[in-house]
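Chemist: Once you've had a glance at the structure underneath, I'll fire off some questions.
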Amino acid sequence: MATFTEDWNASQFWYNETTATTLAEQLLDGASNDTNIAIVSAPSVYVALRNLLADSKRYSIKPTIKLLEYDERFAVFKKDFVFFDFQQPIRLDSELKGRFDCIVCDPPFLSEDCQTKAAMTVRWLARRWAGSTAAGDQGVKLMLCTGERMEALAHKLYGKAGLRTTTFLPEHTKGLSNEFRCYANFPCDAWSFDETK
């Protein structure tokens with residue numbers, strides 16, 4: 001990610017390596033060659049995911065991955081890059097609709113408008129708008145990373161997909177003044193649900 005400098009005016013804040021890798025590992029947990037993964041506005045997670053998949057001793061799978069991103073510098077990843085402007089939440093190739101099993105999203109701005117439009121995109125991309133509740137359930141595996149002050153809105157927008165506040169606190173390479181949280185619809189080794197929320 002050092003190649004891609006952050007543009008704070010564009011609200012670009014890269015995760016540190018530990019956070020990006022943790023999120024990427026959760027996208028790959030239980031994945032197969034048939035899994036479709038969408039990474040929305042979180043290019044540092046995409047790079048971590050690609051690095052993990054390059055380790056053939058650890059991962060022998062080849063899931064389909066799409067990076068939905070506004071910054072066209074990431075178009076260097078031609079096969080995976082999809083230009084995405086949150087202002088036009090479903091102006092995307094129709095082949096992407098309802099295709100994805102696993103999604104991570106980091107809306108670029110801490111505003112109700114941006115969060116709501118990003119949620120529209122995530123719901124449009126999801127194979128099924130429900131959380132995984134039982135073995136074999138094909139609900140979407142979902143992670144949302146955004147500011148803590150967006151918590152009530154996140155629960156409202158993603159509640160039907162089972163999204164809850166987790167104990168995982170994403171960290172950024174240069175730090176942030178806003179408290180950041182990870183919301184997900186599944187617990188894992190990296191986090192549990194925050195029962196105080």
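Going by the structure tokens order, chains are called A, B, ..., each with residues numbered from 1, while ligands are numbered from 1 in the order shown.
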A:Trp124: which residues within 8 Å, counting only C-alpha atoms, same-chain residues fewer than 3 positions away excluded, as a PyMOL selection string?
Modeler: chain A and resi 90+97-98+120-121
Chemist: Considering only strand (DSSP E) as DSSP defines it on the backbone, what residues of stretch 2-190 of chain A qualify? List them as a PyMOL selection string.
Modeler: chain A and resi 36-40+64-69+81-83+102-105+141-147+164-165+180-184
Chemist: Could you tell me how far atom CA of A:Lys141 sits from atom CA of A:Leu92, in Å to one decimal place?
Modeler: 20.7 Å
Chemist: Pick the closest to A:Ala48 from A:Gln26, A:Asn33, A:Thr146, A:Thr64: which is it, counting only C-alpha atoms?
Modeler: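 Distance minimum relative to A:Ala48 lands on A:Gln26.
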Chemist: Please identify all polymer residues within 6 Å of stretch 179-190 of chain A, counting only C-alpha atoms, omitting same-chain residues fewer than 4 positions from it, and present them as a list in words.
Modeler: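 Near stretch 179-190 of chain A, the qualifying residues are Gly131, Leu142, Met143, Leu144, Cys145, Thr146, Gly147, Glu148, Gly162, Leu163, Arg164, Thr165, Thr166, Phe168 and Leu169 of chain A.
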Chemist: Identify, on the basis of only C-alpha atoms, every residue whose closest approach to stretch 73-79 of chain A does not exceed 9 Å; exclude the query and any residue fewer than 6 positions from it along the same chain; express the result as a short mmCIF file (atom, residue, chain, number, x, y, z; two decimals) with N, CA and C atoms, in the first residue's frame.
Modeler:
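Final output, around26.cif:
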data_model
loop_
_atom_site.label_atom_id
_atom_site.label_comp_id
_atom_site.auth_asym_id
_atom_site.auth_seq_id
_atom_site.Cartn_x
_atom_site.Cartn_y
_atom_site.Cartn_z
N PHE A 4 0.55 3.54 -2.93
CA PHE A 4 -0.65 4.37 -3.06
C PHE A 4 -0.74 5.32 -1.87
N PRO A 43 -9.38 -0.48 -0.16
CA PRO A 43 -8.30 -1.06 -0.97
C PRO A 43 -7.18 -1.71 -0.16
N ILE A 65 -12.77 -12.09 -6.81
CA ILE A 65 -12.66 -10.89 -5.97
C ILE A 65 -12.92 -9.66 -6.83
N LYS A 66 -13.70 -8.74 -6.27
CA LYS A 66 -13.92 -7.45 -6.93
C LYS A 66 -13.64 -6.34 -5.92
N LEU A 67 -12.84 -5.37 -6.34
CA LEU A 67 -12.57 -4.18 -5.55
C LEU A 67 -13.38 -3.04 -6.14
#
Chemist: Env of A:Ser32: 8 Å cut, atoms = only C-alpha atoms, seq-sep filter 5 positions within chain, self excluded. Answer as a list in words.
Modeler: Ile61, Lys62 and Pro63 of chain A
Chemist: Okay, now the selection with N, CA and C atoms, as an mmCIF file, in the first residue's frame?
Modeler:
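Done, and the output landed in out38.cif:
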data_model
loop_
_atom_site.group_PDB
_atom_site.id
_atom_site.type_symbol
_atom_site.label_atom_id
_atom_site.label_comp_id
_atom_site.auth_asym_id
_atom_site.auth_seq_id
_atom_site.Cartn_x
_atom_site.Cartn_y
_atom_site.Cartn_z
ATOM 1 N N ILE A 61 -7.035 -21.821 -2.589
ATOM 2 C CA ILE A 61 -8.277 -21.444 -3.260
ATOM 3 C C ILE A 61 -8.067 -20.239 -4.163
ATOM 4 N N LYS A 62 -8.997 -20.058 -5.100
ATOM 5 C CA LYS A 62 -8.972 -18.912 -5.999
ATOM 6 C C LYS A 62 -10.390 -18.345 -6.109
ATOM 7 N N PRO A 63 -10.836 -17.643 -5.057
ATOM 8 C CA PRO A 63 -12.170 -17.033 -5.124
ATOM 9 C C PRO A 63 -12.188 -15.882 -6.121
#
Chemist: Could you name the residues that touch stretch 99-109 of chain A at 10 Å or less, counting only C-alpha atoms, but leaving out those on the same chain fewer than 5 positions away, as a ChimeraX atom specification?
Modeler: /A:10-13,23-24,26-29,31,34-43,45-46,64-70,86,94,114-119,121-129,138-147,182-184
Chemist: Mind checking DSSP for stretch 32-197 of chain A and telling me the helix (DSSP H, G or I) residues as a PyMOL selection string?
Modeler: chain A and resi 43-53+72-76+94-96+112-125+148-161
Chemist: Convert the current residue selection to file output with N, CA and C atoms, as a compact mmCIF listing (two decimals), in the first residue's frame.
Modeler:
# COMPACT_ATOMS: atom_id res chain seq x y z
N PRO A 43 -9.38 -0.48 -0.16
CA PRO A 43 -8.30 -1.06 -0.97
C PRO A 43 -7.18 -1.71 -0.16
N SER A 44 -6.94 -1.25 1.07
CA SER A 44 -5.88 -1.89 1.85
C SER A 44 -6.26 -3.33 2.21
N VAL A 45 -7.56 -3.61 2.36
CA VAL A 45 -8.01 -4.99 2.60
C VAL A 45 -7.80 -5.81 1.32
N TYR A 46 -8.08 -5.20 0.18
CA TYR A 46 -7.86 -5.90 -1.09
C TYR A 46 -6.40 -6.32 -1.25
N VAL A 47 -5.48 -5.40 -0.99
CA VAL A 47 -4.05 -5.72 -1.13
C VAL A 47 -3.66 -6.82 -0.15
N ALA A 48 -4.15 -6.75 1.09
CA ALA A 48 -3.86 -7.80 2.07
C ALA A 48 -4.41 -9.15 1.61
N LEU A 49 -5.61 -9.14 1.04
CA LEU A 49 -6.22 -10.37 0.53
C LEU A 49 -5.39 -10.98 -0.58
N ARG A 50 -4.95 -10.14 -1.50
CA ARG A 50 -4.10 -10.63 -2.59
C ARG A 50 -2.78 -11.20 -2.05
N ASN A 51 -2.21 -10.56 -1.05
CA ASN A 51 -0.97 -11.06 -0.46
C ASN A 51 -1.20 -12.42 0.21
N LEU A 52 -2.32 -12.58 0.89
CA LEU A 52 -2.63 -13.87 1.53
C LEU A 52 -2.79 -14.97 0.48
N LEU A 53 -3.50 -14.66 -0.59
CA LEU A 53 -3.74 -15.67 -1.63
C LEU A 53 -2.47 -16.03 -2.39
N GLU A 72 -9.00 5.64 -9.23
CA GLU A 72 -8.65 4.86 -10.42
C GLU A 72 -7.19 4.43 -10.47
N ARG A 73 -6.39 4.83 -9.49
CA ARG A 73 -5.03 4.28 -9.43
C ARG A 73 -5.10 2.76 -9.23
N PHE A 74 -6.18 2.28 -8.58
CA PHE A 74 -6.31 0.86 -8.32
C PHE A 74 -6.77 0.07 -9.54
N ALA A 75 -6.99 0.77 -10.65
CA ALA A 75 -7.32 0.09 -11.91
C ALA A 75 -6.15 -0.73 -12.42
N VAL A 76 -4.97 -0.56 -11.80
CA VAL A 76 -3.83 -1.42 -12.18
C VAL A 76 -4.17 -2.89 -11.92
N SER A 94 -24.61 -4.94 -14.23
CA SER A 94 -25.71 -5.76 -13.72
C SER A 94 -25.27 -7.18 -13.36
N GLU A 95 -24.14 -7.63 -13.91
CA GLU A 95 -23.64 -8.97 -13.58
C GLU A 95 -23.19 -9.07 -12.12
N LEU A 96 -22.97 -7.92 -11.47
CA LEU A 96 -22.54 -7.92 -10.08
C LEU A 96 -23.71 -8.03 -9.10
N GLU A 112 -24.59 10.54 7.03
CA GLU A 112 -25.75 9.66 6.84
C GLU A 112 -25.95 9.36 5.36
N ASP A 113 -25.75 10.37 4.51
CA ASP A 113 -25.93 10.18 3.07
C ASP A 113 -24.97 9.12 2.53
N CYS A 114 -23.69 9.25 2.85
CA CYS A 114 -22.69 8.29 2.35
C CYS A 114 -22.95 6.89 2.90
N GLN A 115 -23.23 6.80 4.18
CA GLN A 115 -23.46 5.50 4.81
C GLN A 115 -24.69 4.81 4.19
N THR A 116 -25.74 5.57 3.97
CA THR A 116 -26.97 5.01 3.41
C THR A 116 -26.75 4.53 1.98
N LYS A 117 -26.05 5.33 1.19
CA LYS A 117 -25.80 4.94 -0.20
C LYS A 117 -24.86 3.73 -0.27
N ALA A 118 -23.87 3.68 0.60
CA ALA A 118 -22.98 2.51 0.63
C ALA A 118 -23.77 1.26 1.00
N ALA A 119 -24.70 1.39 1.94
CA ALA A 119 -25.54 0.25 2.33
C ALA A 119 -26.41 -0.21 1.17
N MET A 120 -26.88 0.72 0.36
CA MET A 120 -27.66 0.34 -0.84
C MET A 120 -26.80 -0.51 -1.77
N THR A 121 -25.54 -0.11 -1.94
CA THR A 121 -24.62 -0.86 -2.79
C THR A 121 -24.40 -2.26 -2.23
N VAL A 122 -24.12 -2.34 -0.93
CA VAL A 122 -23.85 -3.64 -0.31
C VAL A 122 -25.06 -4.56 -0.46
N ARG A 123 -26.24 -4.03 -0.21
CA ARG A 123 -27.45 -4.86 -0.33
C ARG A 123 -27.65 -5.32 -1.78
N TRP A 124 -27.36 -4.45 -2.74
CA TRP A 124 -27.49 -4.78 -4.16
C TRP A 124 -26.51 -5.88 -4.56
N LEU A 125 -25.31 -5.83 -3.97
CA LEU A 125 -24.27 -6.83 -4.29
C LEU A 125 -24.52 -8.18 -3.65
N GLU A 148 -17.47 5.10 15.03
CA GLU A 148 -18.35 4.68 16.11
C GLU A 148 -19.62 5.51 16.14
N ARG A 149 -19.53 6.77 15.75
CA ARG A 149 -20.73 7.62 15.77
C ARG A 149 -21.76 7.22 14.73
N MET A 150 -21.42 6.29 13.84
CA MET A 150 -22.35 5.77 12.84
C MET A 150 -23.05 4.50 13.32
N GLU A 151 -22.79 4.10 14.56
CA GLU A 151 -23.27 2.81 15.06
C GLU A 151 -24.78 2.62 14.94
N ALA A 152 -25.57 3.56 15.44
CA ALA A 152 -27.03 3.41 15.39
C ALA A 152 -27.52 3.30 13.95
N LEU A 153 -26.95 4.12 13.06
CA LEU A 153 -27.33 4.06 11.65
C LEU A 153 -26.91 2.74 11.03
N ALA A 154 -25.72 2.26 11.36
CA ALA A 154 -25.25 0.97 10.82
C ALA A 154 -26.20 -0.15 11.23
N HIS A 155 -26.60 -0.16 12.49
CA HIS A 155 -27.52 -1.20 12.96
C HIS A 155 -28.86 -1.12 12.21
N LYS A 156 -29.30 0.10 11.95
CA LYS A 156 -30.57 0.29 11.23
C LYS A 156 -30.45 -0.18 9.78
N LEU A 157 -29.38 0.22 9.11
CA LEU A 157 -29.21 -0.08 7.69
C LEU A 157 -28.94 -1.56 7.42
N TYR A 158 -28.23 -2.21 8.32
CA TYR A 158 -27.79 -3.59 8.07
C TYR A 158 -28.42 -4.60 9.05
N GLY A 159 -29.39 -4.15 9.83
CA GLY A 159 -29.99 -5.01 10.85
C GLY A 159 -30.55 -6.31 10.30
N LYS A 160 -31.21 -6.26 9.16
CA LYS A 160 -31.81 -7.48 8.60
C LYS A 160 -30.76 -8.48 8.13
N ALA A 161 -29.54 -8.01 7.96
CA ALA A 161 -28.44 -8.92 7.60
C ALA A 161 -27.72 -9.43 8.85
